[in-house]
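Chemist: Data: target_20.txt, compact mmCIF, C-alpha atoms.
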# COMPACT_ATOMS: atom_id res chain seq x y z
CA MET A 1 -26.03 5.74 18.67
CA ASN A 2 -23.44 7.10 21.08
CA THR A 3 -20.80 9.45 19.71
CA VAL A 4 -17.66 7.64 18.61
CA GLY A 5 -14.59 9.85 18.84
CA VAL A 6 -12.09 9.36 16.03
CA LEU A 7 -8.47 10.47 15.97
CA LEU A 8 -6.45 10.91 12.78
CA VAL A 9 -2.67 11.07 13.23
CA ASP A 10 -1.40 12.34 9.86
CA ASP A 11 0.66 15.36 8.88
CA VAL A 12 -0.71 15.82 5.34
CA PRO A 13 -3.53 18.41 5.39
CA GLY A 14 -5.30 16.96 2.34
CA GLU A 15 -5.75 13.61 4.05
CA ARG A 16 -8.23 14.98 6.54
CA ALA A 17 -10.83 15.97 3.91
CA ASN A 18 -12.39 12.52 3.69
CA PHE A 19 -12.20 12.06 7.47
CA GLU A 20 -14.00 15.35 8.07
CA HIS A 21 -16.62 14.30 5.57
CA ALA A 22 -17.05 10.91 7.25
CA PHE A 23 -16.86 11.88 10.94
CA GLY A 24 -17.59 15.61 11.11
CA ARG A 25 -17.28 16.97 14.64
CA ASP A 26 -16.34 13.57 16.06
CA LEU A 27 -12.93 13.92 14.42
CA THR A 28 -9.73 15.12 16.08
CA VAL A 29 -6.61 15.58 13.96
CA ALA A 30 -3.05 15.34 15.32
CA PRO A 31 -0.59 16.33 12.57
CA SER A 32 2.40 15.84 14.88
CA ILE A 33 3.46 14.09 18.07
CA ASP A 34 3.61 17.44 19.86
CA GLN A 35 -0.02 18.05 19.04
CA LEU A 36 -0.99 14.51 20.01
CA ASN A 37 0.77 15.01 23.36
CA GLU A 38 -1.07 18.29 23.86
CA GLN A 39 -4.40 16.60 23.15
CA LEU A 40 -3.54 13.82 25.60
CA ARG A 41 -2.62 16.41 28.26
CA ARG A 42 -6.00 18.07 27.72
CA GLY A 43 -7.65 14.74 28.47
CA LEU A 44 -9.07 14.04 25.03
CA ALA A 45 -9.96 10.42 24.43
CA TRP A 46 -11.03 8.50 21.34
CA ASP A 47 -12.65 5.19 20.55
CA LEU A 48 -10.73 4.80 17.31
CA ALA A 49 -7.41 6.16 15.98
CA PHE A 50 -6.11 6.04 12.40
CA VAL A 51 -2.32 6.33 12.68
CA ASP A 52 -0.08 7.06 9.70
CA PHE A 53 3.62 6.16 9.66
CA ASN A 54 5.28 9.21 8.11
CA LEU A 55 4.77 12.38 10.15
CA SER A 56 7.48 14.40 8.33
CA SER A 57 9.47 14.65 11.55
CA GLN A 58 13.19 14.21 12.24
CA THR A 59 12.47 12.66 15.63
CA SER A 60 9.31 10.62 15.43
CA THR A 61 6.99 8.55 13.27
CA GLY A 62 3.62 6.94 13.76
CA LEU A 63 5.42 4.38 15.95
CA THR A 64 5.72 7.02 18.68
CA ALA A 65 2.03 7.86 18.29
CA LEU A 66 1.19 4.18 18.70
CA LEU A 67 3.36 4.01 21.82
CA ARG A 68 1.75 7.12 23.34
CA LEU A 69 -1.77 5.83 22.68
CA HIS A 70 -0.79 2.39 23.98
CA HIS A 71 0.23 3.92 27.30
CA GLU A 72 -2.16 6.83 27.64
CA ARG A 73 -5.33 5.60 25.93
CA PRO A 74 -5.26 1.80 26.05
CA ALA A 75 -8.97 1.60 25.22
CA THR A 76 -8.49 3.38 21.90
CA GLN A 77 -8.65 0.91 19.03
CA ILE A 78 -5.95 1.39 16.43
CA VAL A 79 -6.21 1.35 12.64
CA THR A 80 -2.84 1.12 10.91
CA TYR A 81 -3.16 3.72 8.17
CA SER A 82 -0.64 4.22 5.40
CA GLN A 83 0.03 3.74 1.71
CA PHE A 84 1.42 0.25 1.77
CA THR A 85 3.34 0.39 -1.51
CA GLU A 86 5.71 2.92 0.04
CA SER A 87 9.07 1.96 1.54
CA GLY A 88 8.89 0.19 4.88
CA ARG A 89 5.14 0.31 5.27
CA THR A 90 4.65 -3.45 5.43
CA LEU A 91 7.02 -3.54 8.42
CA TYR A 92 4.96 -0.74 9.95
CA ALA A 93 1.83 -2.83 9.41
CA ALA A 94 3.49 -5.80 11.09
CA ALA A 95 4.75 -3.66 13.99
CA ALA A 96 1.37 -2.04 14.63
CA HIS A 97 -0.38 -5.41 14.54
CA HIS A 98 2.10 -7.39 16.61
CA TRP A 99 3.49 -4.81 19.02
CA PHE A 100 0.40 -2.65 19.50
CA ASN A 101 -2.44 -5.05 18.75
CA ALA A 102 -3.90 -2.81 16.04
CA ALA A 103 -7.53 -3.67 15.39
CA ALA A 104 -7.46 -3.12 11.63
CA LEU A 105 -5.48 -1.89 8.65
CA MET A 106 -6.50 0.59 5.97
CA ASP A 107 -4.55 1.61 2.89
CA LYS A 108 -4.73 5.33 2.18
CA THR A 109 -5.90 4.71 -1.35
CA LYS A 110 -9.10 3.25 0.12
CA ASN A 111 -9.99 6.11 2.43
CA ASP A 112 -13.22 7.31 0.83
CA PRO A 113 -15.81 8.49 3.40
CA GLY A 114 -18.04 5.44 2.93
CA THR A 115 -15.18 3.06 3.72
CA LEU A 116 -14.11 5.14 6.72
CA VAL A 117 -17.61 4.94 8.20
CA HIS A 118 -17.69 1.20 7.47
CA TYR A 119 -14.42 0.79 9.41
CA ARG A 120 -15.78 2.69 12.39
CA GLU A 121 -19.01 0.68 12.46
CA SER A 122 -17.26 -2.66 11.99
CA ILE A 123 -14.65 -2.09 14.67
CA CYS A 124 -17.21 -0.77 17.14
CA SER A 125 -19.34 -3.86 16.56
CA GLY A 126 -16.37 -6.14 17.10
CA SER A 127 -15.64 -7.24 13.55
CA ASN A 128 -12.47 -6.72 11.55
CA PRO A 129 -12.90 -4.67 8.34
CA THR A 130 -9.32 -5.30 7.16
CA PRO A 131 -9.33 -6.80 3.63
CA VAL A 132 -9.06 -10.59 3.93
CA PRO A 133 -5.76 -10.89 1.99
CA TRP A 134 -4.22 -8.42 4.44
CA GLN A 135 -5.61 -10.38 7.39
CA ARG A 136 -3.84 -13.45 6.01
CA ARG A 137 -0.55 -11.60 5.67
CA LEU A 138 -0.80 -10.11 9.14
CA GLN A 139 -0.91 -13.59 10.67
CA TRP A 140 2.81 -13.46 10.00
CA ALA A 141 3.31 -10.12 11.77
CA PRO A 142 5.37 -11.75 14.59
CA LEU A 143 8.15 -12.19 12.00
CA ILE A 144 9.07 -8.61 12.78
CA ASP A 145 10.60 -9.86 16.02
CA ASN A 146 12.94 -12.08 13.99
CA LEU A 147 13.99 -9.12 11.85
CA LEU A 148 14.63 -7.02 14.94
CA ALA A 149 15.63 -9.68 17.44
CA ASP A 150 17.75 -7.32 19.47
CA ALA A 151 17.90 -3.53 19.97
CA THR A 152 21.43 -3.51 18.56
CA TRP A 153 20.10 -4.83 15.26
CA VAL A 154 18.60 -1.42 14.46
CA ARG A 155 22.11 0.01 14.17
CA ILE A 156 23.20 -2.91 12.03
CA TRP A 157 20.25 -2.54 9.63
CA ARG A 158 20.99 1.17 9.28
CA ALA A 159 24.65 0.54 8.59
CA LEU A 160 23.79 -2.27 6.18
CA ARG A 161 21.86 0.12 4.04
CA ASP A 162 24.81 2.51 3.83
CA ALA A 163 27.22 -0.36 3.26
CA ALA A 164 25.08 -1.97 0.53
CA GLY A 165 25.10 -5.25 2.42
CA ASP A 166 28.87 -5.50 2.93
CA MET A 167 29.22 -6.92 6.45
CA ALA A 168 32.94 -6.15 6.68
CA LEU A 169 32.15 -2.52 6.01
CA VAL A 170 29.28 -2.63 8.51
CA ALA A 171 31.70 -3.94 11.16
CA GLU A 172 34.09 -1.12 10.35
CA MET A 173 31.31 1.49 10.54
CA LEU A 174 30.08 0.16 13.89
CA HIS A 175 33.62 -0.39 15.29
CA VAL A 176 32.96 -4.05 16.06
CA ASP A 177 34.63 -7.29 15.08
CA SER A 178 33.03 -8.73 11.95
CA SER A 179 32.75 -12.17 13.60
CA SER A 180 30.29 -10.64 16.06
CA LEU A 181 27.93 -9.91 13.17
CA ARG A 182 27.79 -13.49 11.95
CA GLY A 183 24.73 -14.31 14.08
CA PHE A 184 22.91 -11.30 12.70
CA LYS A 185 23.79 -12.18 9.13
CA ASP A 186 22.44 -15.72 9.32
CA ARG A 187 19.33 -15.00 11.36
CA ALA A 188 18.40 -11.74 9.65
CA THR A 189 18.76 -13.31 6.19
CA GLU A 190 16.37 -16.11 7.12
CA ALA A 191 13.95 -13.60 8.61
CA ALA A 192 14.11 -11.34 5.54
CA ILE A 193 13.46 -14.28 3.21
CA GLU A 194 10.45 -15.35 5.24
CA PHE A 195 9.07 -11.81 5.51
CA ASN A 196 9.51 -11.31 1.76
CA GLU A 197 7.67 -14.55 1.13
CA LYS A 198 4.71 -13.82 3.39
CA PHE A 199 4.29 -10.10 2.81
CA HIS A 200 5.74 -9.43 -0.64
CA ASP A 201 5.10 -12.68 -2.53
CA ILE A 202 8.80 -13.08 -3.27
CA PRO A 203 9.49 -16.82 -3.65
CA HIS A 204 11.92 -18.47 -1.25
CA PRO A 205 15.30 -18.59 -3.02
CA GLY A 206 16.14 -22.01 -1.57
CA ARG A 207 19.63 -22.57 -0.23
CA THR A 208 21.48 -19.37 -1.00
CA ARG A 209 24.90 -17.99 -0.43
CA ASN A 210 23.85 -14.53 -1.54
CA LYS A 211 23.07 -13.27 1.96
CA LYS A 212 24.70 -9.95 1.16
CA GLY A 213 22.32 -9.34 -1.75
CA ILE A 214 19.24 -10.35 0.21
CA LEU A 215 20.13 -8.19 3.21
CA ALA A 216 21.10 -5.20 1.05
CA ALA A 217 17.87 -5.39 -0.95
CA PHE A 218 15.79 -5.73 2.22
CA ALA A 219 17.53 -2.81 3.92
CA ALA A 220 16.95 -0.64 0.84
CA GLU A 221 13.32 -1.67 0.36
CA HIS A 222 12.45 -1.02 4.00
CA ARG A 223 14.81 1.88 4.66
CA HIS A 224 12.16 4.28 5.95
CA PHE A 225 11.10 1.89 8.69
CA LEU A 226 14.53 0.50 9.54
CA THR A 227 15.99 4.00 9.84
CA ALA A 228 13.01 5.44 11.73
CA PRO A 229 14.37 7.69 14.48
CA ASP A 230 12.10 6.17 17.13
CA LEU A 231 12.42 2.51 16.14
CA SER A 232 14.96 1.43 18.74
CA THR A 233 12.89 3.02 21.51
CA VAL A 234 9.57 1.61 20.40
CA MET A 235 10.77 -1.93 19.64
CA SER A 236 11.87 -2.55 23.20
CA PRO A 237 9.28 -4.72 25.00
CA GLY A 238 10.11 -2.81 28.18
CA THR A 239 9.06 0.46 26.59
CA ARG A 240 5.79 -1.03 25.41
CA ARG A 241 4.95 -2.60 28.78
CA ARG A 242 1.99 -0.78 30.30
CA ARG A 243 2.69 0.77 33.67
CA MET B 1 11.89 16.93 -0.14
CA ILE B 2 11.04 15.08 -3.35
CA SER B 3 9.50 12.32 -1.25
CA GLU B 4 7.32 14.80 0.66
CA THR B 5 6.22 16.53 -2.54
CA HIS B 6 5.43 13.16 -4.05
CA GLY B 7 3.37 12.29 -0.98
CA ALA B 8 1.40 15.54 -1.09
CA LEU B 9 0.79 15.19 -4.83
CA SER B 10 -0.25 11.59 -4.32
CA THR B 11 -2.81 12.62 -1.70
CA ASN B 12 -4.30 15.36 -3.83
CA LEU B 13 -4.48 13.34 -7.03
CA ARG B 14 -6.06 10.44 -5.15
CA LEU B 15 -8.71 12.72 -3.65
CA ILE B 16 -9.43 14.23 -7.07
CA GLU B 17 -9.84 10.75 -8.54
CA GLN B 18 -12.19 9.72 -5.72
CA GLN B 19 -14.33 12.81 -6.22
CA ALA B 20 -14.26 12.50 -10.02
CA ARG B 21 -15.51 8.93 -9.68
CA GLU B 22 -18.62 10.22 -7.91
CA ILE B 23 -19.51 12.44 -10.85
CA ARG B 24 -18.26 10.11 -13.56
CA ASP B 25 -21.65 10.04 -15.31
CA LEU B 26 -21.81 13.82 -15.47
CA ALA B 27 -18.19 14.45 -16.34
CA PRO B 28 -16.55 11.37 -17.88
CA CYS B 29 -13.63 13.35 -19.31
CA LEU B 30 -12.82 14.70 -15.86
CA TYR B 31 -12.71 11.15 -14.52
CA ASP B 32 -10.44 10.03 -17.37
CA LEU B 33 -8.08 12.91 -16.66
CA ALA B 34 -8.05 12.17 -12.93
CA VAL B 35 -7.25 8.48 -13.50
CA SER B 36 -4.52 9.40 -15.96
CA ALA B 37 -2.91 11.91 -13.61
CA ASN B 38 -3.03 9.60 -10.60
CA SER B 39 -1.73 6.60 -12.58
CA ARG B 40 1.09 8.65 -14.07
CA LEU B 41 2.26 9.68 -10.63
CA ARG B 42 2.12 6.06 -9.47
CA GLU B 43 4.09 5.04 -12.55
CA THR B 44 6.96 7.23 -11.43
CA LEU B 45 7.27 4.93 -8.39
CA ALA B 46 8.30 2.15 -10.78
CA LEU B 47 11.17 3.99 -12.41
CA ALA B 48 13.80 3.11 -9.82
CA GLN B 49 12.53 -0.44 -9.31
CA LEU B 50 12.47 -1.28 -12.97
CA GLY B 51 15.71 0.46 -13.81
CA ARG B 52 13.85 2.59 -16.35
CA ASP B 53 14.93 6.08 -17.14
CA SER B 54 11.75 7.20 -18.82
CA SER B 55 8.11 7.31 -17.78
CA THR B 56 7.19 6.71 -21.42
CA SER B 57 8.08 3.01 -21.06
CA VAL B 58 5.01 0.80 -21.22
CA HIS B 59 6.40 -1.28 -18.37
CA THR B 60 5.72 1.46 -15.83
CA LEU B 61 2.01 0.61 -16.24
CA GLU B 62 2.79 -2.14 -13.73
CA ALA B 63 3.12 0.30 -10.82
CA PRO B 64 -0.52 1.46 -10.56
CA VAL B 65 -1.64 -2.19 -10.67
CA LEU B 66 0.68 -3.10 -7.82
CA THR B 67 -0.53 -0.07 -5.86
CA LEU B 68 -4.17 -1.10 -6.26
CA ALA B 69 -3.41 -4.72 -5.32
CA ARG B 70 -1.23 -3.83 -2.34
CA ALA B 71 -4.01 -1.65 -0.92
CA VAL B 72 -6.08 -4.76 -0.21
CA GLY B 73 -3.14 -7.10 0.34
CA ALA B 74 -3.77 -9.04 -2.88
CA ARG B 75 -1.08 -10.78 -4.93
CA ALA B 76 -0.50 -9.28 -8.35
CA HIS B 77 1.53 -10.44 -11.32
CA VAL B 78 1.86 -8.20 -14.34
CA ASP B 79 3.21 -9.35 -17.71
CA ILE B 80 3.71 -6.62 -20.31
CA SER B 81 4.79 -7.82 -23.73
CA VAL B 82 3.91 -4.72 -25.71
CA ASP B 83 6.93 -2.66 -26.73
CA SER B 84 5.31 0.73 -27.00
CA LEU B 85 1.99 2.53 -27.02
CA SER B 86 1.07 5.98 -28.24
CA ALA B 87 0.21 8.56 -25.58
CA ALA B 88 -3.52 8.14 -26.24
CA ASP B 89 -3.34 4.35 -26.10
CA ARG B 90 -1.32 4.46 -22.90
CA ASP B 91 -4.01 6.67 -21.38
CA LEU B 92 -6.69 4.19 -22.42
CA ALA B 93 -4.58 1.37 -20.98
CA ARG B 94 -4.44 3.26 -17.66
CA LEU B 95 -8.21 3.58 -17.63
CA VAL B 96 -8.73 -0.08 -18.56
CA LEU B 97 -6.32 -1.28 -15.86
CA ASN B 98 -7.89 1.00 -13.27
CA ASP B 99 -11.38 -0.30 -14.10
CA LEU B 100 -10.64 -3.99 -14.51
CA VAL B 101 -8.18 -4.36 -11.64
CA GLY B 102 -10.31 -2.14 -9.38
CA ASN B 103 -13.43 -4.21 -10.13
CA ALA B 104 -11.61 -7.49 -9.49
CA LEU B 105 -10.24 -6.29 -6.16
CA ASN B 106 -13.55 -4.77 -5.10
CA ALA B 107 -15.16 -8.14 -5.84
CA GLY B 108 -12.79 -9.75 -3.32
CA ALA B 109 -9.91 -11.03 -5.44
CA GLY B 110 -6.91 -12.22 -3.46
CA ALA B 111 -4.75 -12.78 -6.53
CA ILE B 112 -4.74 -11.17 -9.96
CA ASP B 113 -2.76 -11.80 -13.13
CA VAL B 114 -2.55 -8.98 -15.65
CA ALA B 115 -1.33 -9.32 -19.22
CA VAL B 116 -0.79 -6.46 -21.63
CA SER B 117 -0.12 -7.92 -25.07
CA THR B 118 -0.93 -7.66 -28.74
CA HIS B 119 -3.58 -9.80 -30.34
CA GLY B 120 -3.22 -9.49 -34.07
CA ALA B 121 -3.45 -5.78 -34.79
CA GLN B 122 -5.13 -5.12 -31.46
CA VAL B 123 -3.85 -4.31 -28.02
CA ALA B 124 -5.28 -6.70 -25.41
CA ILE B 125 -5.37 -6.24 -21.65
CA SER B 126 -6.49 -9.28 -19.66
CA VAL B 127 -7.14 -9.39 -15.95
CA THR B 128 -7.59 -12.82 -14.38
CA ASP B 129 -8.76 -12.98 -10.79
CA ASP B 130 -9.97 -15.43 -8.17
CA ALA B 131 -12.91 -13.37 -6.91
CA PRO B 132 -16.32 -15.01 -6.65
CA PRO B 133 -18.31 -14.98 -9.92
CA MET B 134 -20.03 -11.71 -10.82
CA ALA B 135 -23.58 -11.33 -9.61
CA ALA B 136 -26.15 -11.65 -12.37
CA GLY B 137 -27.32 -8.38 -13.87
CA VAL B 138 -24.17 -6.38 -13.13
CA TRP B 139 -21.94 -7.00 -16.15
CA LYS B 140 -22.39 -4.30 -18.81
CA THR B 141 -25.70 -3.04 -17.47
CA PRO B 142 -26.29 0.69 -18.11
CA GLU B 143 -24.27 3.10 -15.94
CA THR B 144 -21.72 0.46 -14.90
CA SER B 145 -18.02 0.88 -15.58
CA SER B 146 -18.08 -2.21 -17.82
CA ALA B 147 -20.82 -0.69 -19.99
CA ARG B 148 -18.97 2.60 -20.29
CA LEU B 149 -15.72 0.85 -21.11
CA GLU B 150 -17.30 -1.40 -23.72
CA ALA B 151 -18.82 1.61 -25.49
CA ARG B 152 -15.42 3.26 -25.56
CA LEU B 153 -13.65 0.15 -26.86
CA ARG B 154 -16.27 -0.43 -29.57
CA GLY B 155 -15.52 3.05 -30.84
CA LEU B 156 -11.97 1.82 -31.41
CA SER B 157 -13.02 -1.41 -33.15
CA GLY B 158 -12.54 -3.25 -29.88
CA SER B 159 -14.45 -5.34 -27.36
CA LEU B 160 -14.84 -6.21 -23.72
CA THR B 161 -15.35 -9.86 -22.82
CA SER B 162 -15.55 -11.93 -19.66
CA LEU B 163 -14.84 -15.64 -19.37
CA GLN B 164 -15.57 -17.60 -16.21
CA ASN B 165 -13.20 -20.54 -16.02
CA GLY B 166 -13.65 -22.69 -12.93
CA ALA B 167 -12.76 -20.64 -9.89
CA GLY B 168 -11.17 -17.93 -12.01
CA LYS B 169 -12.50 -15.22 -14.27
CA THR B 170 -10.70 -13.40 -17.08
CA VAL B 171 -11.89 -10.05 -18.36
CA THR B 172 -10.25 -8.89 -21.59
CA ALA B 173 -10.33 -5.47 -23.18
CA ARG B 174 -9.18 -5.17 -26.79
CA TRP B 175 -8.89 -2.25 -29.13
CA LEU B 176 -7.16 -1.14 -32.28
CA PRO B 177 -4.33 1.18 -31.31
CA GLU B 178 -3.43 4.41 -33.02
CA SER B 179 -0.76 3.96 -35.65
CA GLU B 180 2.48 5.39 -34.26
Would you mind writing the file out in structure tokens?
Modeler:
Amino acid sequence: MNTVGVLLVDDVPGERANFEHAFGRDLTVAPSIDQLNEQLRRGLAWDLAFVDFNLSSQTSTGLTALLRLHHERPATQIVTYSQFTESGRTLYAAAAHHWFNAAALMDKTKNDPGTLVHYRESICSGSNPTPVPWQRRLQWAPLIDNLLADATWVRIWRALRDAAGDMALVAEMLHVDSSSLRGFKDRATEAAIEFNEKFHDIPHPGRTRNKKGILAAFAAEHRHFLTAPDLSTVMSPGTRRRR
Amino acid sequence: MISETHGALSTNLRLIEQQAREIRDLAPCLYDLAVSANSRLRETLALAQLGRDSSTSVHTLEAPVLTLARAVGARAHVDISVDSLSAADRDLARLVLNDLVGNALNAGAGAIDVAVSTHGAQVAISVTDDAPPMAAGVWKTPETSSARLEARLRGLSGSLTSLQNGAGKTVTARWLPESE
């Protein structure tokens, strides 16, 4: 069998133990975007990349790693890799699947060496090792475009979190007229309800006037993704377009 | 900083549990300790969500179940109607949940319902799942987790049962708790 190069983008040193056990010398680790960029400059290439969301950085997350690999190593197949009970990770899963065509998803709690090798073999043979319930959820990944329909929405989501859902306060914080946020409020509430239903098994509330509560809860639950420093850059289709 | 420390602890405890599982036959106490430590950390995730101010609440047992289910994208519903458990019983509950929920998810369950309740003088933990029926010759055969768990429960005047009901299966662990 030919060598299959594997990249792990993850800042936590302990995480690499199972990967080293599974892939040995075929493994490259990039604990930060700087190191990933350095590896790309050196011409390293991989067949498969496991990309975590949180890189303990003030400026970038796994979204930037996905963008860099998307542009520089388009043949590298992506595995979205995170602990999906943590804040914002389901949005990360949706983003990686929909924006970057990730080949598979793996929760960190399932990263024993046997499963890692199974993922590599499955993806290389063209099958999808993602657990079936996750595959079903990821069919709804395009909903992320409804939650972030416009680049300006990133600022609104951030402000919403600080304002606990109070749109008048959001308008004040962003120095805009509150009537200009009405479109966001209606569309984002619908999108949040649908995302909650498909990804978090939260039943549809029916006709509701409590948009403030729904938006505030969503902004709090997904704060790590919605306040990611690189989100507004990465979400732009123009940025993701391959040159 | 707390979040980063939590993340690093989570990684290390998870790796310890994975490695302890491999030597469970040789060192069962080590495995029990690893499950307990990892579950306890996961339970702290539930404190803010549940509005609890103490990790001694039985209701925080929900968090490790949700973590296990979320890992494979499964739906999980947890109903806890027990008011309190001693420290030793809570540890056994962690082990039972880890085993039963883990087995259901590994068997391909897409939805699980967990109930922690009392049944007469006993504590009962039931896990209902929609995974395909168990293969013959697996349930309670020597060296399986179900056999180990049953032996442990019998030592506490308890039992481990499985009931296939149409497309669903319910596994129930019961035992007599310590008196508080």
Chemist: Within 8 Å of chain A, which residues of chain B show up? Give each one with its shortest atom-to-atom distance in Å (one decimal) and the two atoms involved, counting only C-alpha atoms, rows by chain then rising residue number, as JSON lines.
Modeler:
{"residue": "B:Glu4", "atom": "CA", "partner": "A:Ser56", "partner_atom": "CA", "distance": 7.7}
{"residue": "B:Ala8", "atom": "CA", "partner": "A:Val12", "partner_atom": "CA", "distance": 6.8}
{"residue": "B:Thr11", "atom": "CA", "partner": "A:Gly14", "partner_atom": "CA", "distance": 6.4}
{"residue": "B:Asn12", "atom": "CA", "partner": "A:Gly14", "partner_atom": "CA", "distance": 6.5}
{"residue": "B:Arg14", "atom": "CA", "partner": "A:Thr109", "partner_atom": "CA", "distance": 6.9}
{"residue": "B:Gln18", "atom": "CA", "partner": "A:Asp112", "partner_atom": "CA", "distance": 7.1}
{"residue": "B:Leu66", "atom": "CA", "partner": "A:Thr85", "partner_atom": "CA", "distance": 7.7}
{"residue": "B:Thr67", "atom": "CA", "partner": "A:Thr85", "partner_atom": "CA", "distance": 5.8}
{"residue": "B:Leu68", "atom": "CA", "partner": "A:Thr109", "partner_atom": "CA", "distance": 7.8}
{"residue": "B:Arg70", "atom": "CA", "partner": "A:Thr85", "partner_atom": "CA", "distance": 6.3}
{"residue": "B:Ala71", "atom": "CA", "partner": "A:Asp107", "partner_atom": "CA", "distance": 5.0}
{"residue": "B:Val72", "atom": "CA", "partner": "A:Pro131", "partner_atom": "CA", "distance": 5.4}
{"residue": "B:Gly73", "atom": "CA", "partner": "A:Trp134", "partner_atom": "CA", "distance": 4.4}
{"residue": "B:Ala74", "atom": "CA", "partner": "A:Pro133", "partner_atom": "CA", "distance": 5.6}
{"residue": "B:Arg75", "atom": "CA", "partner": "A:Asp201", "partner_atom": "CA", "distance": 6.9}
{"residue": "B:Gly110", "atom": "CA", "partner": "A:Pro133", "partner_atom": "CA", "distance": 5.7}
Chemist: I need the residues from that last selection saved to file as a short mmCIF file (atom, residue, chain, number, x, y, z; two decimals), in the frame of the given file (with C-alpha atoms), if you can.
Modeler:
data_model
loop_
_atom_site.label_atom_id
_atom_site.label_comp_id
_atom_site.auth_asym_id
_atom_site.auth_seq_id
_atom_site.Cartn_x
_atom_site.Cartn_y
_atom_site.Cartn_z
CA GLU B 4 7.32 14.80 0.66
CA ALA B 8 1.40 15.54 -1.09
CA THR B 11 -2.81 12.62 -1.70
CA ASN B 12 -4.30 15.36 -3.83
CA ARG B 14 -6.06 10.44 -5.15
CA GLN B 18 -12.19 9.72 -5.72
CA LEU B 66 0.68 -3.10 -7.82
CA THR B 67 -0.53 -0.07 -5.86
CA LEU B 68 -4.17 -1.10 -6.26
CA ARG B 70 -1.23 -3.83 -2.34
CA ALA B 71 -4.01 -1.65 -0.92
CA VAL B 72 -6.08 -4.76 -0.21
CA GLY B 73 -3.14 -7.10 0.34
CA ALA B 74 -3.77 -9.04 -2.88
CA ARG B 75 -1.08 -10.78 -4.93
CA GLY B 110 -6.91 -12.22 -3.46
#
Chemist: I'd like to know which of A:Ser180, A:Thr115, A:Asn146, A:Gln58 is closest to A:Ala192, using all atoms listed in the file.
Modeler: A:Asn146
Chemist: Please measure the separation of atom CA of A:Arg223 and atom CA of A:Ala103, giving the value in Å to one decimal.
Modeler: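 Separating atom CA of A:Arg223 from atom CA of A:Ala103 is a distance of 25.4 Å.
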Chemist: Residues near A:Arg242, anyone? I mean within 12 Å using all atoms listed in the file, not counting same-chain ones fewer than 6 positions away, as a ChimeraX atom specification.
Modeler: /A:67-74,100
Chemist: Distance atom CA of B:Tyr31-atom CA of B:Ser146, one decimal place?
Modeler: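 Atom CA of B:Ser146 lies 14.8 Å from atom CA of B:Tyr31.
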Chemist: Determine, counting all atoms listed in the file, which protein, DNA and RNA residues have an atom within 12 Å of an atom of B:Ser84; residues of the same chain fewer than 5 positions away are not included. Present the result as an MDAnalysis selection string.
Modeler: chainID B and resid 55:61 89:90 93 116:118 123 177:180
Chemist: Work out how far apart atom CA of A:Glu190 and atom CA of B:Ala76 are and give it in Å to one decimal.
Modeler: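 Between these atoms lies a distance of 23.9 Å.
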Chemist: Using all atoms listed in the file, which residue out of B:Ala151, B:Ala88, B:Ala124, B:Ala20 lies closest to B:Val171?
Modeler: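 Closest candidate: B:Ala124.
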Chemist: Please provide as a ChimeraX atom specification all residues within 10 Å of A:Trp157, with the sequence filter that same-chain residues fewer than 2 positions apart are discarded (counting only C-alpha atoms).
Modeler: /A:147-148,152-155,159-163,165,170,184,188,215-216,218-220,222-223,226-227
Chemist: May I have the centre and edge lengths, in Å to one decimal, of an axis-aligned box around the listed atoms of stretch 107-119 of chain A with 3 Å added to every side, as lines of an AutoDock Vina configuration file?
Modeler:
center_x = -11.3
center_y = 4.6
center_z = 4.0
size_x = 19.5
size_y = 13.7
size_z = 16.8
Chemist: Calculated over all atoms listed in the file, which of the candidates B:Ala136, B:Thr141, B:Arg94, B:Val114 has the smallest distance to B:Ser81?
Modeler: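 For B:Ser81, the nearest of the given residues is B:Val114.
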Chemist: Show which residues sit within 12 Å of B:Ala121, as number ranges by chain. Count only C-alpha atoms, and ignore same-chain residues fewer than 6 positions away.
Modeler: B: 82, 156-158, 174-179
Chemist: For each of B:Ala167, B:Leu97, B:Ala135, B:Ser145, take the minimum atom-to-atom distance to B:Ala109, counting all atoms listed in the file, then give the residue where this is smallest.
Modeler: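 Smallest distance to B:Ala109 is found for B:Ala167.
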Chemist: Using only C-alpha atoms, which residues sit within 10 Å of B:Asp130 once same-chain residues fewer than 6 positions away are excluded, as an NGL selection string?
Modeler: :B and (104-105 or 107-113 or 165-170)
Chemist: Fix up stretch 172-177 of chain A with N, CA and C atoms, then write it as a CSV table (one decimal), keeping the file's coordinate frame.
Modeler:
chain,number,residue,atom,x,y,z
A,172,GLU,N,33.2,-2.3,10.3
A,172,GLU,CA,34.1,-1.1,10.4
A,172,GLU,C,33.3,0.1,10.8
A,173,MET,N,32.1,0.3,10.2
A,173,MET,CA,31.3,1.5,10.5
A,173,MET,C,30.9,1.5,12.0
A,174,LEU,N,30.6,0.3,12.5
A,174,LEU,CA,30.1,0.2,13.9
A,174,LEU,C,31.2,-0.1,14.9
A,175,HIS,N,32.5,-0.2,14.4
A,175,HIS,CA,33.6,-0.4,15.3
A,175,HIS,C,33.5,-1.7,16.1
A,176,VAL,N,33.1,-2.7,15.4
A,176,VAL,CA,33.0,-4.0,16.1
A,176,VAL,C,33.7,-5.1,15.2
A,177,ASP,N,34.0,-6.2,15.8
A,177,ASP,CA,34.6,-7.3,15.1
A,177,ASP,C,33.6,-7.9,14.1
